[in-house]
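Here is the file upload.txt (compact mmCIF, C-alpha atoms).
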```
# COMPACT_ATOMS: atom_id res chain seq x y z
CA MET A 1 -11.30 -11.43 17.11
CA LEU A 2 -10.14 -7.82 16.85
CA ALA A 3 -11.70 -5.31 19.20
CA GLN A 4 -13.85 -2.66 17.57
CA TYR A 5 -13.13 0.97 16.75
CA ASP A 6 -15.65 3.68 17.53
CA LYS A 7 -15.96 4.85 13.92
CA ALA A 8 -17.47 8.20 14.86
CA ALA A 9 -14.42 8.84 17.07
CA VAL A 10 -12.07 7.74 14.28
CA ALA A 11 -13.77 10.09 11.80
CA LYS A 12 -13.65 12.96 14.28
CA ARG A 13 -9.98 12.32 15.02
CA PHE A 14 -8.98 12.35 11.36
CA THR A 15 -11.10 15.43 10.71
CA GLN A 16 -9.19 17.26 13.43
CA GLN A 17 -5.85 16.27 11.90
CA ALA A 18 -6.81 16.58 8.23
CA PHE A 19 -4.92 19.74 7.27
CA ALA A 20 -1.77 18.79 9.22
CA TYR A 21 -1.83 15.07 8.42
CA ALA A 22 0.48 15.12 5.41
CA ASP A 23 3.20 16.89 7.39
CA HIS A 24 3.52 13.92 9.76
CA ALA A 25 2.66 10.95 7.52
CA GLN A 26 6.17 9.80 6.68
CA VAL A 27 5.41 6.09 6.47
CA GLN A 28 2.15 6.80 4.60
CA GLN A 29 4.13 8.67 1.97
CA ILE A 30 6.67 5.86 1.63
CA SER A 31 3.89 3.31 1.36
CA ALA A 32 1.92 5.40 -1.13
CA ARG A 33 4.93 5.70 -3.42
CA TYR A 34 5.61 1.98 -3.33
CA LEU A 35 1.95 1.13 -3.95
CA LEU A 36 1.77 3.60 -6.83
CA ASP A 37 4.88 2.02 -8.32
CA LEU A 38 3.20 -1.41 -8.11
CA LEU A 39 0.16 0.03 -9.88
CA GLN A 40 2.23 1.69 -12.59
CA ASP A 41 4.25 -1.50 -13.09
CA GLY A 42 1.00 -3.41 -13.48
CA LEU A 43 -0.24 -1.00 -16.14
CA ALA A 44 3.12 -1.06 -17.93
CA SER A 45 3.01 -4.84 -18.09
CA GLN A 46 -0.29 -4.47 -19.95
CA GLN A 47 1.34 -1.93 -22.31
CA ILE A 48 -1.06 0.82 -21.26
CA THR A 49 0.52 4.26 -21.55
CA ALA A 50 -2.27 6.68 -22.53
CA SER A 51 -3.36 9.08 -19.80
CA ASN A 52 -6.98 8.89 -18.64
CA ALA A 53 -7.43 5.66 -20.58
CA HIS A 54 -7.09 2.68 -18.28
CA PHE A 55 -9.84 2.82 -15.66
CA GLU A 56 -13.37 3.92 -16.34
CA THR A 57 -13.71 4.56 -12.60
CA LEU A 58 -10.84 4.40 -10.10
CA LEU A 59 -11.74 4.34 -6.41
CA ASP A 60 -9.22 5.80 -3.96
CA LEU A 61 -10.36 4.19 -0.71
CA GLY A 62 -9.27 6.15 2.34
CA CYS A 63 -8.08 9.04 0.19
CA GLY A 64 -7.15 11.19 3.19
CA PRO A 65 -6.22 14.78 2.27
CA GLY A 66 -5.88 13.89 -1.40
CA VAL A 67 -2.11 13.83 -1.71
CA ASN A 68 -2.30 11.13 -4.41
CA SER A 69 -5.42 12.38 -6.18
CA LEU A 70 -3.67 14.07 -9.09
CA GLU A 71 -1.52 11.08 -9.99
CA LEU A 72 -4.39 8.62 -9.63
CA ALA A 73 -6.87 10.80 -11.53
CA ASP A 74 -4.52 10.77 -14.51
CA LEU A 75 -5.20 7.02 -14.81
CA ALA A 76 -8.99 7.18 -15.00
CA ARG A 77 -11.91 8.76 -16.77
CA HIS A 78 -13.53 9.14 -13.37
CA TYR A 79 -11.62 9.34 -10.10
CA LEU A 80 -13.54 8.92 -6.83
CA GLY A 81 -11.87 9.62 -3.48
CA VAL A 82 -13.63 8.18 -0.43
CA ASP A 83 -12.88 8.81 3.23
CA ILE A 84 -14.82 8.33 6.46
CA ALA A 85 -13.70 11.72 7.83
CA ALA A 86 -15.49 14.85 6.63
CA GLY A 87 -12.36 16.90 7.28
CA MET A 88 -10.26 14.64 5.07
CA VAL A 89 -12.80 14.98 2.24
CA GLU A 90 -12.73 18.77 2.67
CA ALA A 91 -8.91 18.80 2.65
CA ALA A 92 -8.82 16.56 -0.45
CA GLN A 93 -11.23 18.85 -2.29
CA GLU A 94 -9.20 21.93 -1.32
CA GLN A 95 -5.98 20.23 -2.40
CA SER A 96 -7.51 19.28 -5.74
CA LEU A 97 -8.91 22.75 -6.41
CA ALA A 98 -5.33 24.05 -6.28
CA SER A 99 -4.61 22.01 -9.42
CA GLU A 100 -5.96 23.52 -12.63
CA SER A 101 -6.50 20.15 -14.28
CA LEU A 102 -8.31 18.69 -11.26
CA ARG A 103 -10.33 21.87 -10.81
CA GLN A 104 -11.63 21.50 -14.37
CA ARG A 105 -12.38 17.82 -13.83
CA ILE A 106 -14.24 18.53 -10.59
CA ALA A 107 -16.37 21.02 -12.50
CA ASN A 108 -17.01 18.33 -15.13
CA SER A 109 -17.79 15.73 -12.40
CA THR A 110 -15.02 13.39 -13.53
CA VAL A 111 -13.18 13.92 -10.24
CA SER A 112 -15.24 13.70 -7.07
CA PHE A 113 -14.95 13.02 -3.35
CA LEU A 114 -17.33 11.26 -1.00
CA GLN A 115 -17.58 10.81 2.76
CA ALA A 116 -18.49 7.18 3.41
CA ASP A 117 -17.76 4.12 5.54
CA MET A 118 -15.61 1.72 3.52
CA GLU A 119 -17.53 -1.25 4.92
CA GLN A 120 -20.81 0.12 3.52
CA LEU A 121 -20.01 1.90 0.28
CA PRO A 122 -22.89 3.75 -1.42
CA LEU A 123 -21.81 2.37 -4.80
CA GLY A 124 -23.46 -0.02 -7.18
CA ASN A 125 -22.43 -3.60 -7.86
CA ASP A 126 -19.59 -3.97 -10.39
CA SER A 127 -19.28 -0.16 -10.59
CA VAL A 128 -15.53 0.30 -10.08
CA ALA A 129 -12.87 -0.77 -12.59
CA GLY A 130 -9.89 -0.23 -10.28
CA LEU A 131 -9.22 0.40 -6.61
CA TYR A 132 -6.27 1.95 -4.77
CA SER A 133 -6.11 2.00 -0.98
CA ASN A 134 -3.05 3.12 0.96
CA LEU A 135 -2.98 2.31 4.70
CA ALA A 136 -6.72 2.55 5.23
CA VAL A 137 -8.16 -0.96 5.50
CA GLN A 138 -6.55 -1.50 8.93
CA TRP A 139 -9.32 0.78 10.28
CA SER A 140 -11.94 -1.81 9.37
CA ASN A 141 -13.87 -3.39 12.23
CA GLN A 142 -14.84 -6.35 10.05
CA PRO A 143 -12.02 -7.03 7.54
CA GLN A 144 -13.83 -9.97 5.97
CA GLN A 145 -17.00 -7.92 5.50
CA LEU A 146 -14.90 -5.12 4.03
CA LEU A 147 -13.32 -7.42 1.47
CA HIS A 148 -16.71 -8.78 0.43
CA GLU A 149 -17.83 -5.16 0.00
CA LEU A 150 -14.83 -4.40 -2.18
CA TYR A 151 -15.52 -7.54 -4.20
CA ARG A 152 -19.11 -6.35 -4.66
CA VAL A 153 -18.21 -2.91 -6.07
CA LEU A 154 -15.32 -4.08 -8.29
CA ALA A 155 -16.28 -4.95 -11.84
CA PRO A 156 -15.45 -8.44 -13.14
CA GLY A 157 -11.74 -8.50 -13.89
CA GLY A 158 -11.23 -5.34 -11.83
CA MET A 159 -7.92 -4.88 -10.05
CA ALA A 160 -7.11 -3.50 -6.61
CA TRP A 161 -3.83 -2.29 -5.10
CA ILE A 162 -3.95 -2.25 -1.30
CA SER A 163 -1.51 -1.61 1.52
CA THR A 164 -2.20 -2.08 5.22
CA VAL A 165 -0.56 -2.04 8.64
CA LEU A 166 0.30 -5.52 9.93
CA ASN A 167 1.02 -7.00 13.33
CA ASN A 168 4.29 -6.16 15.08
CA SER A 169 4.15 -2.51 13.98
CA LEU A 170 5.08 0.61 15.96
CA GLN A 171 8.28 -1.02 17.16
CA PRO A 172 10.10 -0.73 19.49
CA PHE A 173 7.49 1.58 21.03
CA ALA A 174 4.91 -1.23 21.20
CA ASP A 175 7.27 -3.62 22.99
CA LEU A 176 8.32 -0.97 25.49
CA ARG A 177 4.67 -0.30 26.32
CA ARG A 178 3.94 -4.02 26.64
CA ASP A 179 6.88 -4.54 28.99
CA TYR A 180 5.88 -1.57 31.14
CA LEU A 181 2.13 -2.32 31.30
CA SER A 182 2.32 -6.14 31.25
CA GLN A 183 -0.31 -5.99 28.49
CA ASP A 184 -0.50 -4.80 24.90
CA GLY A 185 -0.07 -1.05 24.70
CA VAL A 186 -1.01 -0.60 21.04
CA ASN A 187 -3.78 -2.01 18.89
CA ALA A 188 -3.44 -5.55 17.56
CA GLN A 189 -3.30 -5.92 13.77
CA PRO A 190 -3.82 -8.95 11.51
CA THR A 191 -0.92 -10.85 9.97
CA LEU A 192 -0.07 -11.03 6.29
CA LEU A 193 -1.31 -14.62 6.16
CA GLN A 194 -4.64 -13.65 7.73
CA TRP A 195 -5.20 -10.99 5.08
CA GLN A 196 -4.24 -13.43 2.33
CA ALA A 197 -6.75 -15.99 3.61
CA TRP A 198 -9.50 -13.36 3.90
CA LEU A 199 -8.84 -12.11 0.37
CA GLN A 200 -9.14 -15.61 -1.04
CA GLN A 201 -12.28 -16.31 1.00
CA ALA A 202 -13.85 -13.14 -0.45
CA GLY A 203 -13.24 -14.53 -3.94
CA PHE A 204 -10.21 -12.51 -5.03
CA SER A 205 -7.27 -13.85 -6.97
CA VAL A 206 -4.12 -12.68 -5.19
CA ARG A 207 -1.70 -11.60 -7.91
CA TYR A 208 1.00 -10.21 -5.64
CA ILE A 209 1.64 -10.16 -1.90
CA GLU A 210 4.55 -8.74 0.08
CA GLU A 211 5.45 -7.71 3.61
CA ARG A 212 7.92 -4.85 4.08
CA ARG A 213 9.29 -2.99 7.07
CA GLU A 214 9.28 0.79 6.76
CA THR A 215 10.87 3.11 9.30
CA SER A 216 10.42 6.72 10.36
CA TRP A 217 13.19 8.47 12.30
CA PHE A 218 12.87 11.09 15.01
CA THR A 219 15.18 13.32 17.00
CA ASN A 220 13.47 12.63 20.33
CA LEU A 221 10.63 10.66 21.92
CA LYS A 222 8.27 13.63 22.08
CA GLU A 223 8.51 14.07 18.31
CA LEU A 224 8.01 10.32 17.79
CA VAL A 225 4.91 10.11 19.98
CA ARG A 226 3.49 13.27 18.40
CA SER A 227 3.84 11.68 14.96
CA ILE A 228 1.88 8.63 16.14
CA SER A 229 -0.86 10.92 17.42
CA ARG A 230 -1.01 13.16 14.35
CA ILE A 231 -1.58 10.23 11.98
CA GLY A 232 -4.15 8.65 14.29
CA ALA A 233 -2.09 5.56 15.08
CA ASP A 234 -2.79 5.97 18.78
CA GLN A 235 -6.57 5.88 18.25
CA GLN A 236 -7.60 3.03 20.51
CA ARG A 237 -10.03 0.22 19.96
CA THR A 238 -12.43 -0.59 22.77
CA HIS A 239 -10.88 -2.18 25.89
CA ALA A 240 -7.72 -0.24 25.11
CA ALA A 241 -4.52 0.12 27.07
CA PRO A 242 -4.29 3.22 29.27
CA GLN A 243 -2.79 6.44 27.95
CA LEU A 244 0.86 7.19 28.65
CA SER A 245 1.36 8.29 32.24
CA SER A 246 4.13 10.66 33.27
CA ARG A 247 5.96 7.77 34.96
CA GLU A 248 5.70 5.57 31.87
CA TRP A 249 6.86 8.49 29.71
CA LEU A 250 10.03 8.87 31.80
CA SER A 251 10.66 5.14 31.58
CA HIS A 252 10.38 5.15 27.78
CA GLN A 253 12.59 8.21 27.41
CA HIS A 254 15.41 6.26 29.04
CA SER A 255 14.72 2.91 27.35
CA TYR A 256 14.27 4.30 23.84
CA GLU A 257 17.76 5.80 23.82
CA LEU A 258 19.13 2.25 23.55
CA PHE A 259 17.68 2.15 20.01
CA ARG A 260 19.10 5.46 18.82
CA THR A 261 21.28 5.42 15.69
CA GLU A 262 22.90 8.17 13.68
CA LEU A 263 19.50 8.60 11.99
CA GLY A 264 17.69 9.14 15.29
CA LEU A 265 15.06 7.16 17.17
CA PRO A 266 13.33 4.55 14.97
CA LEU A 267 9.66 3.70 14.64
CA HIS A 268 9.20 0.56 12.56
CA TYR A 269 6.01 -0.41 10.73
CA GLN A 270 5.26 -3.80 9.20
CA LEU A 271 3.26 -3.18 6.04
CA GLY A 272 1.45 -5.57 3.75
CA TYR A 273 1.01 -4.95 0.02
CA PHE A 274 -1.54 -6.77 -2.12
CA VAL A 275 -2.44 -6.75 -5.79
CA ILE A 276 -5.72 -8.57 -6.27
CA GLN A 277 -8.23 -9.22 -9.02
CA LYS A 278 -11.92 -10.05 -9.09
```
Could you rewrite the structure in this file as structure tokens?
Amino acid sequence: MLAQYDKAAVAKRFTQQAFAYADHAQVQQISARYLLDLLQDGLASQQITASNAHFETLLDLGCGPGVNSLELADLARHYLGVDIAAGMVEAAQEQSLASESLRQRIANSTVSFLQADMEQLPLGNDSVAGLYSNLAVQWSNQPQQLLHELYRVLAPGGMAWISTVLNNSLQPFADLRRDYLSQDGVNAQPTLLQWQAWLQQAGFSVRYIEERRETSWFTNLKELVRSISRIGADQQRTHAAPQLSSREWLSHQHSYELFRTELGLPLHYQLGYFVIQK
């Protein structure tokens, strides 16, 4: 069983990073683009091309600072961005108000944002026609409960496009920490097969499933570790590994150079992508 996050601490952490988050979220941007392409391909296969015509309500779960709000809102009559962090909701609203079309839709209440826990959504049964969630569900303390909650709010026949962080991510940083500490130095994550089983147990039909490795590149270890911190990836569950000591830092600076390429120092993420239907 996965250890639990302190959700208040997670929300506070993301609030603190909200307005700088997009500057450091390289892998999130790569994942978002791929997930959006999967969504667009799905709509194209149904021969749907009219803007604002496909989803009555589209839920953006874990919307963060709203970097995808404009593109997603174009697919729905009502777009709803949800995030657990008040600062992320504030940043998403500010980002959206910079767009004339979104500003008008906010005034008309067809684009809105809500601070809420994804495991306890304040939404009615069968109230959401579509759902998009980019690298958010890994913050769930109860993944199976979360998926039952998503099944509850999705309308019959509703579709969801979800990406998440899988096990064996943050490499080779995670392995270096494990070797140094003789214990896991980063949070454990579920496998692709675990998520697939949980989705099916919740009642979803899994239309598409894929695991991909995405990589960010950095000039030095300080920049790499800062990126992990700025996107919240170092937020620890309970019973966590200790923070980096000065001695461990020096050890990793030497060891990480063995992985350097012409692109820099790598940080690999294993990501899972799912297209599911109620």
Taking only C-alpha atoms into account, which of A:Gly66, A:Gly203, A:Pro190, A:Gly264 comes nearest Thr215 in chain A? A:Gly264
Take CA of Glu214 in chain A and CA of His268 in chain A and report the distance between them in Å, one decimal.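 Separation between CA of Glu214 in chain A and CA of His268 in chain A: 5.8 Å.
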If you count all atoms listed in the file, which residues fall within 9 Å of Gln120 in chain A, apart from same-chain ones fewer than 3 positions away, as a list of chain:residue names?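 Listing them by chain and then by number gives A:Ala116, A:Asp117, A:Leu123, A:Leu146, A:Glu149.
Relative to CA of Ser45 in chain A, CA of Asp74 in chain A is found at 17.7 Å.
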List every protein, DNA or RNA residue with an atom no more than 10 Å from (-13.1, 19.8, 1.6) in the file's coordinates, counting only C-alpha atoms, and format the result as number ranges by chain. A: 18-19, 65-66, 86-97, 113-114
Can you write just those residues out, C-alpha atoms, as a PDB file, in the coordinates of the input?
```pdb
ATOM      1  CA  ALA A  18      -6.810  16.580   8.230  1.00  0.00           C
ATOM      2  CA  PHE A  19      -4.920  19.740   7.270  1.00  0.00           C
ATOM      3  CA  PRO A  65      -6.220  14.780   2.270  1.00  0.00           C
ATOM      4  CA  GLY A  66      -5.880  13.890  -1.400  1.00  0.00           C
ATOM      5  CA  ALA A  86     -15.490  14.850   6.630  1.00  0.00           C
ATOM      6  CA  GLY A  87     -12.360  16.900   7.280  1.00  0.00           C
ATOM      7  CA  MET A  88     -10.260  14.640   5.070  1.00  0.00           C
ATOM      8  CA  VAL A  89     -12.800  14.980   2.240  1.00  0.00           C
ATOM      9  CA  GLU A  90     -12.730  18.770   2.670  1.00  0.00           C
ATOM     10  CA  ALA A  91      -8.910  18.800   2.650  1.00  0.00           C
ATOM     11  CA  ALA A  92      -8.820  16.560  -0.450  1.00  0.00           C
ATOM     12  CA  GLN A  93     -11.230  18.850  -2.290  1.00  0.00           C
ATOM     13  CA  GLU A  94      -9.200  21.930  -1.320  1.00  0.00           C
ATOM     14  CA  GLN A  95      -5.980  20.230  -2.400  1.00  0.00           C
ATOM     15  CA  SER A  96      -7.510  19.280  -5.740  1.00  0.00           C
ATOM     16  CA  LEU A  97      -8.910  22.750  -6.410  1.00  0.00           C
ATOM     17  CA  PHE A 113     -14.950  13.020  -3.350  1.00  0.00           C
ATOM     18  CA  LEU A 114     -17.330  11.260  -1.000  1.00  0.00           C
TER      19      LEU A 114
END
```
If we draw a sphere of 12 Å around (9.9, 11.2, 17.6), which residues have at least one atom in it when counting only C-alpha atoms? Please report them as number ranges by chain. A: 24, 26, 170, 173, 215-230, 252-253, 256-257, 260, 263-268
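Closest approach to Ile84 in chain A among A:Gln144, A:Gln115, A:Asn125, A:Gln189 is made by A:Gln115 (distances from only C-alpha atoms).
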Can you pull out the residues contacting range 272-276 of chain A? Cut-off 8 Å, using all atoms listed in the file, and skip same-chain residues under 3 positions away; I want them as a PyMOL selection string. chain A and resi 35+159-166+192+204-212
Provide the CA of Arg77 in chain A to CA of Pro143 in chain A distance in Å, to one decimal place. 29.0 Å
Would you kindly return, as a PyMOL selection string, each protein, DNA or RNA residue with an atom no farther than 9 Å from any atom of Gly130 in chain A, considering only C-alpha atoms and excluding same-chain residues fewer than 6 positions away? chain A and resi 54-60+76+154-155+158-161
For each of A:Glu71, A:Glu100, A:Glu119, A:Asp37, take the minimum atom-to-atom distance to Lys7 in chain A, counting only C-alpha atoms, then give the residue where this is smallest. A:Glu119
Please provide as a count of residues only all residues within 12 Å of Tyr180 in chain A, with the sequence filter that same-chain residues fewer than 5 positions apart are discarded (counting all atoms listed in the file). 15
